[in-house]
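Chemist: My file is model-v2.csv. It has CSV, C-alpha atoms:
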```csv
chain,number,residue,atom,x,y,z
A,1,MET,CA,34.1,104.7,123.7
A,2,THR,CA,35.1,105.9,120.2
A,3,ASN,CA,37.7,108.2,121.8
A,4,ASP,CA,39.2,105.3,123.7
A,5,VAL,CA,39.5,103.1,120.6
A,6,MET,CA,41.1,106.1,118.8
A,7,ALA,CA,43.6,106.6,121.7
A,8,ILE,CA,44.6,102.9,121.5
A,9,PHE,CA,45.2,103.3,117.8
A,10,GLN,CA,47.2,106.4,118.3
A,11,THR,CA,49.5,104.7,120.7
A,12,ALA,CA,49.9,101.6,118.6
A,13,GLY,CA,53.2,101.6,116.7
A,14,PHE,CA,51.6,100.2,113.5
A,15,PHE,CA,50.3,103.7,112.5
A,16,HIS,CA,53.7,105.4,113.1
A,17,LEU,CA,55.8,103.1,110.9
A,18,THR,CA,57.8,104.7,108.2
A,19,PRO,CA,59.3,103.2,105.1
A,20,GLY,CA,62.8,103.9,106.5
A,21,MET,CA,62.0,101.8,109.6
A,22,VAL,CA,60.8,98.9,107.5
A,23,LEU,CA,64.0,99.1,105.4
A,24,MET,CA,66.0,99.0,108.7
A,25,TRP,CA,64.2,95.9,109.6
A,26,LEU,CA,65.5,94.4,106.4
A,27,VAL,CA,69.0,95.4,107.4
A,28,GLY,CA,68.6,94.0,110.9
A,29,GLY,CA,67.0,90.9,109.5
A,30,THR,CA,69.9,90.4,107.0
A,31,LEU,CA,72.4,90.6,109.9
A,32,ILE,CA,70.4,88.1,111.9
A,33,TYR,CA,70.2,85.8,108.8
A,34,LEU,CA,74.0,86.0,108.2
A,35,ALA,CA,74.6,85.3,111.9
A,36,ILE,CA,72.4,82.3,112.1
A,37,ALA,CA,72.5,80.8,108.6
A,38,LYS,CA,76.1,81.7,107.6
A,39,GLN,CA,77.5,82.0,111.1
A,40,TYR,CA,79.2,85.3,110.2
A,41,GLU,CA,80.5,86.6,113.6
A,42,PRO,CA,77.2,85.4,115.2
A,43,LEU,CA,78.2,86.5,118.7
A,44,LEU,CA,78.1,90.2,117.6
A,45,LEU,CA,75.9,90.3,114.4
A,46,LEU,CA,73.0,88.5,116.1
A,47,PRO,CA,72.6,91.1,118.9
A,48,ILE,CA,73.4,93.9,116.6
A,49,GLY,CA,70.8,92.8,114.1
A,50,PHE,CA,68.2,92.5,116.9
A,51,GLY,CA,69.2,95.9,118.3
A,52,ILE,CA,68.5,97.4,114.8
A,53,LEU,CA,65.0,95.9,114.9
A,54,LEU,CA,64.4,97.3,118.3
A,55,ALA,CA,65.7,100.8,117.5
A,56,ASN,CA,63.3,101.0,114.6
A,57,LEU,CA,60.1,100.2,116.4
A,58,PRO,CA,58.0,103.4,116.6
A,59,LEU,CA,57.0,104.7,120.0
A,60,ALA,CA,58.9,102.0,121.8
A,61,GLY,CA,61.4,104.6,123.0
A,62,LEU,CA,64.1,102.2,123.7
A,63,MET,CA,66.7,104.7,122.6
A,64,THR,CA,65.1,107.7,124.1
A,65,PRO,CA,67.8,109.7,125.9
A,66,HIS,CA,67.7,109.2,129.7
A,67,GLU,CA,64.7,106.9,129.5
A,68,GLY,CA,65.1,104.1,127.0
A,69,LEU,CA,66.5,100.7,128.1
A,70,LEU,CA,68.9,100.5,125.2
A,71,TRP,CA,69.9,104.1,125.5
A,72,ARG,CA,71.0,103.3,129.1
A,73,PHE,CA,73.0,100.3,127.9
A,74,TYR,CA,74.6,102.6,125.2
A,75,HIS,CA,75.2,105.5,127.5
A,76,TYR,CA,76.6,103.7,130.6
A,77,GLY,CA,78.2,100.9,128.7
A,78,ILE,CA,79.7,102.4,125.6
A,79,GLN,CA,79.8,106.2,126.1
A,80,TRP,CA,81.2,105.7,129.6
A,81,GLU,CA,83.9,103.5,128.1
A,82,ILE,CA,83.0,100.5,130.2
A,83,ILE,CA,82.1,97.7,127.8
A,84,PRO,CA,85.0,97.8,125.3
A,85,PRO,CA,87.6,97.7,128.0
A,86,LEU,CA,85.8,94.8,129.7
A,87,ILE,CA,85.8,93.0,126.3
A,88,PHE,CA,89.5,93.5,126.2
A,89,LEU,CA,89.8,92.0,129.7
A,90,GLY,CA,88.3,88.9,128.4
A,91,LEU,CA,90.4,88.9,125.2
A,92,GLY,CA,93.5,89.4,127.2
A,93,ALA,CA,92.6,86.3,129.3
A,94,LEU,CA,92.3,84.4,126.0
A,95,THR,CA,95.5,85.7,124.4
A,96,ASP,CA,98.7,83.7,124.4
A,97,PHE,CA,101.7,86.1,123.8
A,98,GLY,CA,104.0,83.0,123.6
A,99,PRO,CA,104.4,83.0,119.8
A,100,LEU,CA,105.1,86.7,119.8
A,101,LEU,CA,107.7,86.5,122.6
A,102,ALA,CA,109.3,83.5,120.9
A,103,LYS,CA,109.8,85.5,117.7
A,104,PRO,CA,109.6,89.2,118.7
A,105,VAL,CA,110.7,90.5,115.3
A,106,LEU,CA,107.2,89.6,114.1
A,107,ILE,CA,105.8,92.4,116.2
A,108,PHE,CA,106.7,94.8,113.4
A,109,LEU,CA,104.2,93.1,111.1
A,110,GLY,CA,101.5,94.1,113.5
A,111,ALA,CA,102.7,97.7,113.1
A,112,GLY,CA,103.0,97.4,109.3
A,113,ALA,CA,99.3,96.5,109.0
A,114,GLN,CA,98.4,99.7,110.7
A,115,ALA,CA,99.5,101.6,107.6
A,116,GLY,CA,96.2,100.7,106.1
A,117,VAL,CA,94.5,102.5,109.0
A,118,TYR,CA,96.4,105.7,108.3
A,119,LEU,CA,96.3,105.5,104.5
A,120,THR,CA,92.5,105.2,104.7
A,121,PHE,CA,92.3,108.1,107.1
A,122,PHE,CA,94.2,110.2,104.7
A,123,ALA,CA,92.2,109.0,101.7
A,124,ALA,CA,88.9,109.7,103.5
A,125,THR,CA,90.1,113.2,104.5
A,126,ALA,CA,91.0,113.9,100.9
A,127,LEU,CA,87.5,113.0,99.8
A,128,GLY,CA,86.0,115.5,102.2
A,129,PHE,CA,85.3,113.6,105.4
A,130,ASP,CA,86.2,115.5,108.6
A,131,LEU,CA,89.2,114.3,110.5
A,132,LYS,CA,87.2,112.5,113.2
A,133,GLU,CA,85.1,110.6,110.7
A,134,ALA,CA,88.1,109.7,108.6
A,135,ALA,CA,89.9,108.3,111.7
A,136,THR,CA,86.8,106.3,112.6
A,137,MET,CA,86.7,104.7,109.2
A,138,GLY,CA,90.4,104.1,109.1
A,139,ILE,CA,90.4,102.2,112.3
A,140,ILE,CA,88.2,99.5,110.7
A,141,GLY,CA,91.3,98.4,108.9
A,142,GLY,CA,92.7,97.3,112.2
A,143,ALA,CA,90.0,94.6,112.2
A,144,ASP,CA,89.3,95.0,115.8
A,145,GLY,CA,85.7,95.4,116.7
A,146,PRO,CA,85.9,96.7,120.3
A,147,THR,CA,88.6,99.2,119.4
A,148,THR,CA,86.5,100.4,116.4
A,149,ILE,CA,83.5,100.9,118.7
A,150,PHE,CA,85.7,102.5,121.4
A,151,LEU,CA,87.0,105.1,118.9
A,152,ALA,CA,83.8,105.7,117.1
A,153,ALA,CA,81.9,106.4,120.4
A,154,LYS,CA,84.5,109.1,121.1
A,155,LEU,CA,85.1,110.6,117.7
A,156,ALA,CA,82.0,110.0,115.6
A,157,PRO,CA,79.1,108.5,117.6
A,158,HIS,CA,76.8,109.0,114.6
A,159,MET,CA,78.9,106.4,112.7
A,160,LEU,CA,79.2,103.9,115.5
A,161,GLY,CA,76.7,101.4,114.3
A,162,SER,CA,77.7,101.4,110.7
A,163,CYS,CA,81.4,101.2,111.6
A,164,ALA,CA,80.9,98.3,114.0
A,165,VAL,CA,78.8,96.4,111.4
A,166,ALA,CA,81.4,97.1,108.8
A,167,ALA,CA,84.3,95.9,111.1
A,168,TYR,CA,82.6,92.7,112.1
A,169,SER,CA,81.4,91.9,108.6
A,170,TYR,CA,84.8,92.3,107.2
A,171,MET,CA,86.3,90.2,110.0
A,172,ALA,CA,83.9,87.5,109.1
A,173,LEU,CA,85.0,87.8,105.5
A,174,VAL,CA,88.7,87.5,106.2
A,175,PRO,CA,88.9,84.1,104.5
A,176,ILE,CA,87.5,85.6,101.4
A,177,ILE,CA,89.1,89.1,101.4
A,178,GLN,CA,92.7,88.2,102.3
A,179,PRO,CA,93.8,85.2,100.2
A,180,PRO,CA,93.6,87.0,96.8
A,181,ILE,CA,95.7,89.9,98.2
A,182,MET,CA,98.2,87.4,99.7
A,183,ARG,CA,98.6,85.6,96.3
A,184,LEU,CA,98.9,88.9,94.4
A,185,LEU,CA,101.7,90.2,96.5
A,186,THR,CA,103.8,87.1,97.0
A,187,THR,CA,105.6,84.7,94.8
A,188,SER,CA,105.0,81.0,95.1
A,189,GLN,CA,108.6,80.7,96.3
A,190,GLU,CA,108.0,83.2,99.1
A,191,ARG,CA,104.8,81.4,100.2
A,192,THR,CA,106.8,78.3,100.8
A,193,ILE,CA,109.4,79.9,103.1
A,194,ARG,CA,109.5,77.8,106.3
A,195,MET,CA,110.0,79.7,109.5
A,196,LYS,CA,112.6,78.6,112.0
A,197,LYS,CA,111.3,77.5,115.4
A,198,GLY,CA,111.3,80.4,117.9
A,199,ARG,CA,113.2,80.3,121.2
A,200,LYS,CA,111.6,78.8,124.2
A,201,VAL,CA,109.6,81.2,126.3
A,202,SER,CA,109.6,80.9,130.1
A,203,GLN,CA,106.5,81.3,132.2
A,204,LEU,CA,108.3,84.2,134.0
A,205,GLU,CA,108.6,86.1,130.7
A,206,LYS,CA,104.9,85.6,130.1
A,207,ILE,CA,104.2,87.1,133.5
A,208,ILE,CA,106.6,90.0,133.2
A,209,PHE,CA,105.5,91.0,129.6
A,210,PRO,CA,101.9,92.2,130.3
A,211,ILE,CA,103.1,94.3,133.2
A,212,VAL,CA,106.0,95.9,131.4
A,213,ALA,CA,104.0,96.3,128.2
A,214,THR,CA,101.3,98.1,130.1
A,215,LEU,CA,103.8,100.6,131.4
A,216,VAL,CA,105.5,101.1,128.1
A,217,ILE,CA,102.3,101.6,126.0
A,218,ILE,CA,100.5,103.8,128.5
A,219,LEU,CA,103.5,106.0,129.0
A,220,LEU,CA,103.8,106.4,125.2
A,221,VAL,CA,100.1,106.8,124.5
A,222,PRO,CA,98.1,107.5,127.6
A,223,ALA,CA,94.8,107.6,125.7
A,224,ALA,CA,95.2,103.9,125.0
A,225,ALA,CA,95.1,103.2,128.7
A,226,PRO,CA,91.4,102.0,129.1
A,227,LEU,CA,91.9,99.2,126.5
A,228,ILE,CA,95.5,98.2,126.9
A,229,SER,CA,95.3,98.1,130.7
A,230,MET,CA,92.4,95.7,130.7
A,231,PHE,CA,93.9,93.6,127.9
A,232,MET,CA,97.1,93.2,129.8
A,233,LEU,CA,95.3,92.6,133.2
A,234,GLY,CA,93.4,89.8,131.6
A,235,ASN,CA,96.6,88.3,130.2
A,236,LEU,CA,98.3,88.6,133.6
A,237,PHE,CA,95.4,86.7,135.1
A,238,ARG,CA,96.0,84.0,132.6
A,239,GLU,CA,99.7,83.8,132.9
A,240,ALA,CA,100.0,84.1,136.6
A,241,LYS,CA,98.1,80.8,137.0
A,242,VAL,CA,97.1,81.6,140.5
A,243,VAL,CA,93.7,83.2,139.8
A,244,GLU,CA,92.1,80.6,137.6
A,245,ARG,CA,88.6,81.6,138.8
A,246,LEU,CA,89.2,85.2,137.6
A,247,THR,CA,90.7,84.0,134.3
A,248,ASN,CA,87.8,81.7,133.7
A,249,ALA,CA,85.3,84.4,134.6
A,250,ALA,CA,87.1,86.9,132.3
A,251,GLN,CA,87.3,84.4,129.4
A,252,ASN,CA,83.7,83.1,129.7
A,253,GLU,CA,81.0,84.7,131.8
A,254,LEU,CA,82.2,88.2,131.7
A,255,LEU,CA,83.1,88.2,128.0
A,256,ASN,CA,79.8,86.6,127.1
A,257,ILE,CA,77.7,89.1,129.2
A,258,VAL,CA,79.5,92.2,128.0
A,259,THR,CA,79.2,90.9,124.4
A,260,ILE,CA,75.4,91.0,124.8
A,261,PHE,CA,75.5,94.5,126.2
A,262,LEU,CA,77.9,95.6,123.4
A,263,GLY,CA,76.0,94.2,120.4
A,264,LEU,CA,72.5,95.3,121.4
A,265,PRO,CA,73.1,99.0,121.9
A,266,VAL,CA,75.5,99.2,118.9
A,267,GLY,CA,72.7,97.9,116.7
A,268,ALA,CA,70.3,100.3,118.4
A,269,THR,CA,72.3,103.3,117.3
A,270,MET,CA,71.3,102.4,113.7
A,271,ASN,CA,68.0,104.1,113.2
A,272,ALA,CA,66.7,105.0,109.7
A,273,GLU,CA,67.6,108.6,110.0
A,274,THR,CA,71.3,108.0,110.7
A,275,PHE,CA,71.8,104.8,108.7
A,276,LEU,CA,69.9,105.4,105.4
A,277,GLN,CA,72.4,108.0,104.2
A,278,PRO,CA,74.7,107.9,101.2
A,279,ARG,CA,77.7,108.3,103.5
A,280,VAL,CA,77.1,104.9,105.0
A,281,LEU,CA,78.1,103.4,101.7
A,282,PHE,CA,81.4,105.3,102.1
A,283,ILE,CA,81.9,103.8,105.5
A,284,PHE,CA,81.6,100.3,104.1
A,285,PHE,CA,83.8,101.2,101.1
A,286,PHE,CA,86.5,102.8,103.2
A,287,GLY,CA,86.2,100.0,105.7
A,288,LEU,CA,86.9,97.5,103.0
A,289,PHE,CA,89.7,99.7,101.6
A,290,ALA,CA,91.3,99.9,105.0
A,291,PHE,CA,91.1,96.2,105.5
A,292,ILE,CA,92.6,95.4,102.1
A,293,VAL,CA,95.4,98.0,102.4
A,294,SER,CA,96.2,96.8,106.0
A,295,THR,CA,96.6,93.3,104.7
A,296,ALA,CA,98.8,94.5,101.8
A,297,THR,CA,101.0,96.7,103.9
A,298,GLY,CA,101.6,93.9,106.4
A,299,ILE,CA,102.8,91.6,103.6
A,300,LEU,CA,104.9,94.3,102.0
A,301,LEU,CA,106.6,95.1,105.2
A,302,ALA,CA,107.5,91.4,105.7
A,303,LYS,CA,109.0,91.5,102.2
A,304,LEU,CA,110.9,94.7,103.0
A,305,MET,CA,112.3,93.2,106.2
A,306,ASN,CA,113.5,90.2,104.2
A,307,LEU,CA,115.8,92.4,102.2
A,308,ALA,CA,117.8,93.0,105.3
A,309,ARG,CA,117.4,89.6,107.0
A,310,ARG,CA,119.4,86.4,106.6
A,311,GLU,CA,116.6,84.4,108.2
A,312,LYS,CA,113.7,85.1,105.9
A,313,ILE,CA,110.2,85.7,107.1
A,314,ASN,CA,107.3,84.1,105.2
A,315,PRO,CA,105.6,87.3,103.9
A,316,LEU,CA,102.2,85.7,104.2
A,317,LEU,CA,102.6,86.3,108.0
A,318,GLY,CA,102.2,90.0,107.3
A,319,ALA,CA,98.5,89.4,106.5
A,320,ALA,CA,98.0,88.3,110.1
A,321,GLY,CA,99.1,91.8,111.3
A,322,VAL,CA,95.5,92.9,111.1
A,323,SER,CA,93.9,91.9,114.4
A,324,ALA,CA,91.0,89.6,113.5
A,325,VAL,CA,92.3,87.0,116.0
A,326,PRO,CA,92.6,84.1,115.3
A,327,MET,CA,90.9,84.1,111.9
A,328,ALA,CA,93.7,86.0,110.1
A,329,ALA,CA,96.3,83.6,111.5
A,330,ARG,CA,94.3,80.6,110.3
A,331,VAL,CA,93.9,82.1,106.9
A,332,VAL,CA,97.7,82.6,106.7
A,333,HIS,CA,98.2,79.0,107.7
A,334,LYS,CA,95.7,77.7,105.2
A,335,VAL,CA,97.1,79.7,102.2
A,336,GLY,CA,100.7,78.7,103.2
A,337,SER,CA,99.7,75.0,103.4
A,338,GLN,CA,98.2,75.1,99.9
A,339,TYR,CA,101.7,75.6,98.6
A,340,ASP,CA,103.6,73.4,101.1
A,341,LYS,CA,101.5,71.0,103.1
A,342,LYS,CA,104.1,70.6,105.8
A,343,ASN,CA,104.6,74.3,106.3
A,344,TYR,CA,102.9,75.0,109.7
A,345,LEU,CA,102.5,78.7,109.9
A,346,LEU,CA,99.7,79.0,112.4
A,347,MET,CA,101.8,79.4,115.5
A,348,PHE,CA,104.1,81.9,113.8
A,349,ALA,CA,101.1,83.8,112.5
A,350,MET,CA,99.7,84.2,116.0
A,351,GLY,CA,102.6,86.5,116.7
A,352,PRO,CA,101.7,89.3,114.3
A,353,ASN,CA,98.1,88.6,115.0
A,354,VAL,CA,98.3,89.6,118.7
A,355,ALA,CA,100.8,92.3,117.8
A,356,GLY,CA,98.1,93.7,115.5
A,357,VAL,CA,95.7,94.0,118.4
A,358,ILE,CA,98.2,96.0,120.3
A,359,GLY,CA,99.0,98.1,117.2
A,360,THR,CA,95.4,98.9,116.6
A,361,VAL,CA,95.0,100.0,120.2
A,362,ILE,CA,98.0,102.3,119.9
A,363,ALA,CA,96.7,103.7,116.6
A,364,ALA,CA,93.3,104.4,118.2
A,365,GLY,CA,95.1,106.0,121.2
A,366,ILE,CA,97.0,108.3,118.8
A,367,PHE,CA,93.9,109.3,117.0
A,368,LEU,CA,92.2,110.1,120.4
A,369,THR,CA,95.2,112.1,121.5
A,370,LEU,CA,95.3,114.2,118.3
A,371,LEU,CA,91.6,114.5,117.6
A,372,GLY,CA,89.7,113.7,120.9
B,373,MET,CA,94.9,118.3,104.2
B,374,ASN,CA,98.0,119.5,105.9
B,375,GLU,CA,96.6,118.5,109.3
B,376,ALA,CA,95.6,115.1,107.9
B,377,LEU,CA,99.1,114.6,106.6
B,378,GLN,CA,100.6,115.5,110.0
B,379,ILE,CA,98.3,113.1,111.7
B,380,PHE,CA,99.1,110.4,109.2
B,381,MET,CA,102.9,110.8,109.8
B,382,ALA,CA,102.6,111.2,113.5
B,383,GLY,CA,100.2,108.2,113.8
B,384,LEU,CA,102.1,105.8,111.7
B,385,GLY,CA,105.4,106.9,113.3
B,386,GLY,CA,103.8,106.6,116.7
B,387,VAL,CA,102.7,103.0,116.0
B,388,PHE,CA,106.2,102.0,114.9
B,389,ILE,CA,107.8,103.7,117.9
B,390,GLY,CA,105.4,101.9,120.2
B,391,MET,CA,106.1,98.6,118.5
B,392,THR,CA,109.9,99.2,118.6
B,393,LEU,CA,109.7,99.9,122.3
B,394,LEU,CA,107.7,96.7,122.8
B,395,TYR,CA,110.3,94.8,120.8
B,396,VAL,CA,113.0,96.2,123.1
B,397,THR,CA,110.8,95.4,126.1
B,398,ILE,CA,110.5,91.8,125.0
B,399,ARG,CA,114.2,91.4,124.4
B,400,LEU,CA,115.0,92.9,127.8
B,401,THR,CA,112.3,90.8,129.5
B,402,SER,CA,113.8,87.7,128.1
B,403,ILE,CA,117.2,88.7,129.4
B,404,ALA,CA,115.8,89.6,132.8
B,405,ALA,CA,113.7,86.4,133.0
B,406,ASP,CA,116.7,84.3,132.1
B,407,HIS,CA,118.7,86.1,134.7
B,408,LEU,CA,116.1,85.7,137.4
B,409,SER,CA,115.4,82.0,136.6
B,410,LYS,CA,119.2,81.3,137.1
B,411,GLY,CA,119.0,83.0,140.5
B,412,GLY,CA,121.0,86.1,139.7
B,413,PRO,CA,124.7,86.7,139.1
B,414,ASN,CA,125.9,85.7,142.6
B,415,ASP,CA,124.2,82.3,142.6
B,416,LYS,CA,126.5,79.3,142.1
```
Please render this file's structure as structure tokens.

Modeler:
Amino acid sequence: MTNDVMAIFQTAGFFHLTPGMVLMWLVGGTLIYLAIAKQYEPLLLLPIGFGILLANLPLAGLMTPHEGLLWRFYHYGIQWEIIPPLIFLGLGALTDFGPLLAKPVLIFLGAGAQAGVYLTFFAATALGFDLKEAATMGIIGGADGPTTIFLAAKLAPHMLGSCAVAAYSYMALVPIIQPPIMRLLTTSQERTIRMKKGRKVSQLEKIIFPIVATLVIILLVPAAAPLISMFMLGNLFREAKVVERLTNAAQNELLNIVTIFLGLPVGATMNAETFLQPRVLFIFFFGLFAFIVSTATGILLAKLMNLARREKINPLLGAAGVSAVPMAARVVHKVGSQYDKKNYLLMFAMGPNVAGVIGTVIAAGIFLTLLG
Amino acid sequence: MNEALQIFMAGLGGVFIGMTLLYVTIRLTSIAADHLSKGGPNDK
């Protein structure tokens, strides 16, 4: 009898708790609080926060290799490269390339913002991080959650959870992080530049673009194929207008389902042993640095382009070159309208915003090619 | 550090090359779409 009671006690998690696990509950609880009370990226931070709680329950074994439920989600969903591309399928079905096709020159702002990715990579390497870790931290500057997760799973799986949380946290903080940089780097005169209306884009162009863009990008960076192919397929569904059921499924049911199976295992990778390390602070620091530099380089590139252009670009649009769709574009519009209420920048900002998604995928593909 | 610098240059260069190719693609796509929507050069 006594032995039975002892056996029950021995298998109860209470007696195997560590201070680190309890600390991780606080981290998970904070993310859940931010998701619910502050609505900071709730679709991701809520399952990530819950995943952290689950991964830090002793004896539950949810992340035990080959056995645990969350480990299976992680292994087959993320390590097997299934979930991030499926997220991209949904994102493609939600993306309108119209603003980009109407003013194609804005595509370069999406490239300019990737400078932050590479500058951060270089800075992290200089501070002693290995190349793969530095690349994973740099890609946070692209402000694209699925791409960050995709790259981290390949190059630095031990940093996956922290990088994902950093990426989604900073994406939620775009309205706070970006405006001071935008004001610092532009004059009030530049902020009031009104963009000329872009050309009219035919439906045929919108159908051809995802097909040709897929070919061009994959031929240039084959490692970007899983993400870009699904992104463009989703967009083709949308623009073809003959497969509305598939478009709706990709935009809604599929995207929602895979979001659950992305967030939960990402959170579950964050156990006390891997997360409670000084280097996690560096991940958050470099993530923020990458984000700030990406915003700045996008703006500076717009200013540089203006030196050679008769038709000026409002440099605020450069800040939308980080992905963070559509939050970054909304912030650009909001800041612009503070200086000229009739300056409608939103549609123009969507151009560099979607270009930023493509740019970040290319940047990730190049890292994979060189370091994978 | 040398390797990091090389990756930095190759990466940033690669992104700009990719975006330039896409820019050209968009321009050509608009010309092609315009052409197709008019029914080709022989259509009256």

Chemist: Would you list the contacts of range 322-334 of chain A as a count of residues only, taking every protein, DNA or RNA residue within 9 Å and counting all atoms listed in the file, but skipping same-chain residues closer than 6 positions in sequence?

Modeler: 41

Chemist: With a distance threshold of 8 Å and counting only C-alpha atoms, extract the residues of chain B near chain A and express them as a PDB file with C-alpha atoms, in the frame of the given file.

Modeler:
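Result went into selection.pdb, see below:
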```
ATOM      1  CA  MET B 373      94.900 118.300 104.200  1.00  0.00           C
ATOM      2  CA  ALA B 376      95.600 115.100 107.900  1.00  0.00           C
ATOM      3  CA  LEU B 377      99.100 114.600 106.600  1.00  0.00           C
ATOM      4  CA  ILE B 379      98.300 113.100 111.700  1.00  0.00           C
ATOM      5  CA  PHE B 380      99.100 110.400 109.200  1.00  0.00           C
ATOM      6  CA  GLY B 383     100.200 108.200 113.800  1.00  0.00           C
ATOM      7  CA  LEU B 384     102.100 105.800 111.700  1.00  0.00           C
ATOM      8  CA  GLY B 386     103.800 106.600 116.700  1.00  0.00           C
ATOM      9  CA  VAL B 387     102.700 103.000 116.000  1.00  0.00           C
ATOM     10  CA  PHE B 388     106.200 102.000 114.900  1.00  0.00           C
ATOM     11  CA  GLY B 390     105.400 101.900 120.200  1.00  0.00           C
ATOM     12  CA  MET B 391     106.100  98.600 118.500  1.00  0.00           C
ATOM     13  CA  THR B 392     109.900  99.200 118.600  1.00  0.00           C
ATOM     14  CA  LEU B 393     109.700  99.900 122.300  1.00  0.00           C
ATOM     15  CA  LEU B 394     107.700  96.700 122.800  1.00  0.00           C
ATOM     16  CA  TYR B 395     110.300  94.800 120.800  1.00  0.00           C
ATOM     17  CA  THR B 397     110.800  95.400 126.100  1.00  0.00           C
ATOM     18  CA  ILE B 398     110.500  91.800 125.000  1.00  0.00           C
ATOM     19  CA  ARG B 399     114.200  91.400 124.400  1.00  0.00           C
ATOM     20  CA  THR B 401     112.300  90.800 129.500  1.00  0.00           C
ATOM     21  CA  SER B 402     113.800  87.700 128.100  1.00  0.00           C
ATOM     22  CA  ALA B 405     113.700  86.400 133.000  1.00  0.00           C
ATOM     23  CA  SER B 409     115.400  82.000 136.600  1.00  0.00           C
TER      24      SER B 409
END
```

Chemist: Hey, can you check how far CA of Phe50 in chain A sits from CA of Gly28 in chain A?

Modeler: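 These atoms are spaced 6.2 Å apart.
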
Chemist: In Å, with one decimal, what is the gap from CA of Gly98 in chain A to CA of Pro210 in chain A?

Modeler: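 Interatomic distance here is 11.6 Å.
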
Chemist: Rank nothing, just name the residue among A:Tyr40, A:Tyr168, A:Leu155, A:Asn314 nearest to Gly263 in chain A, using only C-alpha atoms.

Modeler: A:Tyr168

Chemist: What does the distance from CA of Val243 in chain A to CA of Ala93 in chain A come to in Å, to one decimal?

Modeler: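 Taking CA of Val243 in chain A as the start and CA of Ala93 in chain A as the end point, the length is 11.0 Å.
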
Chemist: Is it possible to get the residues within 10 Å of (78.5, 98.7, 113.6) (coordinates as in the file, counting all atoms listed in the file) written as a VMD selection string?

Modeler: chain A and resid 44 to 45 48 to 49 145 148 to 149 152 159 to 169 263 265 to 270

Chemist: Neighbours of Ile78 in chain A within 12 Å (only C-alpha atoms; same-chain residues fewer than 3 positions away dropped), as a ChimeraX atom specification?

Modeler: /A:70-75,81-87,146-154,157,160-161,258-259,261-266,269

Chemist: List every protein, DNA or RNA residue that has at least one atom no more than 10 Å from (95.3, 96.0, 130.7) in the file's coordinates, counting all atoms listed in the file, and write the result as a list in words.

Modeler: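 Counting all atoms listed in the file, I find these residues within 10 Å of (95.3, 96.0, 130.7): Pro85, Leu86, Phe88, Leu89, Gly92, Pro210, Ile211, Ala213, Thr214, Leu215, Ile218, Ala224, Ala225, Pro226, Leu227, Ile228, Ser229, Met230, Phe231, Met232, Leu233, Gly234, Asn235 and Leu236 of chain A.
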
Chemist: Place N, CA and C atoms on range 34-45 of chain A and deliver the coordinates as a PDB file, in the coordinates of the input.

Modeler:
```
ATOM      1  N   LEU A  34      72.546  86.365 108.440  1.00  0.00           N
ATOM      2  CA  LEU A  34      74.000  86.000 108.200  1.00  0.00           C
ATOM      3  C   LEU A  34      74.557  85.388 109.493  1.00  0.00           C
ATOM      4  N   ALA A  35      74.121  85.878 110.662  1.00  0.00           N
ATOM      5  CA  ALA A  35      74.600  85.300 111.900  1.00  0.00           C
ATOM      6  C   ALA A  35      74.197  83.875 112.103  1.00  0.00           C
ATOM      7  N   ILE A  36      72.909  83.609 111.829  1.00  0.00           N
ATOM      8  CA  ILE A  36      72.400  82.300 112.100  1.00  0.00           C
ATOM      9  C   ILE A  36      72.680  81.299 110.965  1.00  0.00           C
ATOM     10  N   ALA A  37      72.368  81.709 109.749  1.00  0.00           N
ATOM     11  CA  ALA A  37      72.500  80.800 108.600  1.00  0.00           C
ATOM     12  C   ALA A  37      73.935  80.622 108.153  1.00  0.00           C
ATOM     13  N   LYS A  38      74.680  81.727 108.144  1.00  0.00           N
ATOM     14  CA  LYS A  38      76.100  81.700 107.600  1.00  0.00           C
ATOM     15  C   LYS A  38      77.101  81.690 108.731  1.00  0.00           C
ATOM     16  N   GLN A  39      76.633  81.901 109.944  1.00  0.00           N
ATOM     17  CA  GLN A  39      77.500  82.000 111.100  1.00  0.00           C
ATOM     18  C   GLN A  39      78.639  83.019 110.934  1.00  0.00           C
ATOM     19  N   TYR A  40      78.285  84.168 110.340  1.00  0.00           N
ATOM     20  CA  TYR A  40      79.200  85.300 110.200  1.00  0.00           C
ATOM     21  C   TYR A  40      79.237  86.034 111.544  1.00  0.00           C
ATOM     22  N   GLU A  41      80.328  85.943 112.286  1.00  0.00           N
ATOM     23  CA  GLU A  41      80.500  86.600 113.600  1.00  0.00           C
ATOM     24  C   GLU A  41      79.139  86.637 114.352  1.00  0.00           C
ATOM     25  N   PRO A  42      78.559  85.460 114.607  1.00  0.00           N
ATOM     26  CA  PRO A  42      77.200  85.400 115.200  1.00  0.00           C
ATOM     27  C   PRO A  42      77.117  86.069 116.584  1.00  0.00           C
ATOM     28  N   LEU A  43      78.212  85.989 117.345  1.00  0.00           N
ATOM     29  CA  LEU A  43      78.200  86.500 118.700  1.00  0.00           C
ATOM     30  C   LEU A  43      77.865  88.038 118.700  1.00  0.00           C
ATOM     31  N   LEU A  44      78.295  88.711 117.650  1.00  0.00           N
ATOM     32  CA  LEU A  44      78.100  90.200 117.600  1.00  0.00           C
ATOM     33  C   LEU A  44      76.934  90.502 116.617  1.00  0.00           C
ATOM     34  N   LEU A  45      76.929  89.877 115.446  1.00  0.00           N
ATOM     35  CA  LEU A  45      75.900  90.300 114.400  1.00  0.00           C
ATOM     36  C   LEU A  45      74.520  89.933 114.858  1.00  0.00           C
TER      37      LEU A  45
END
```
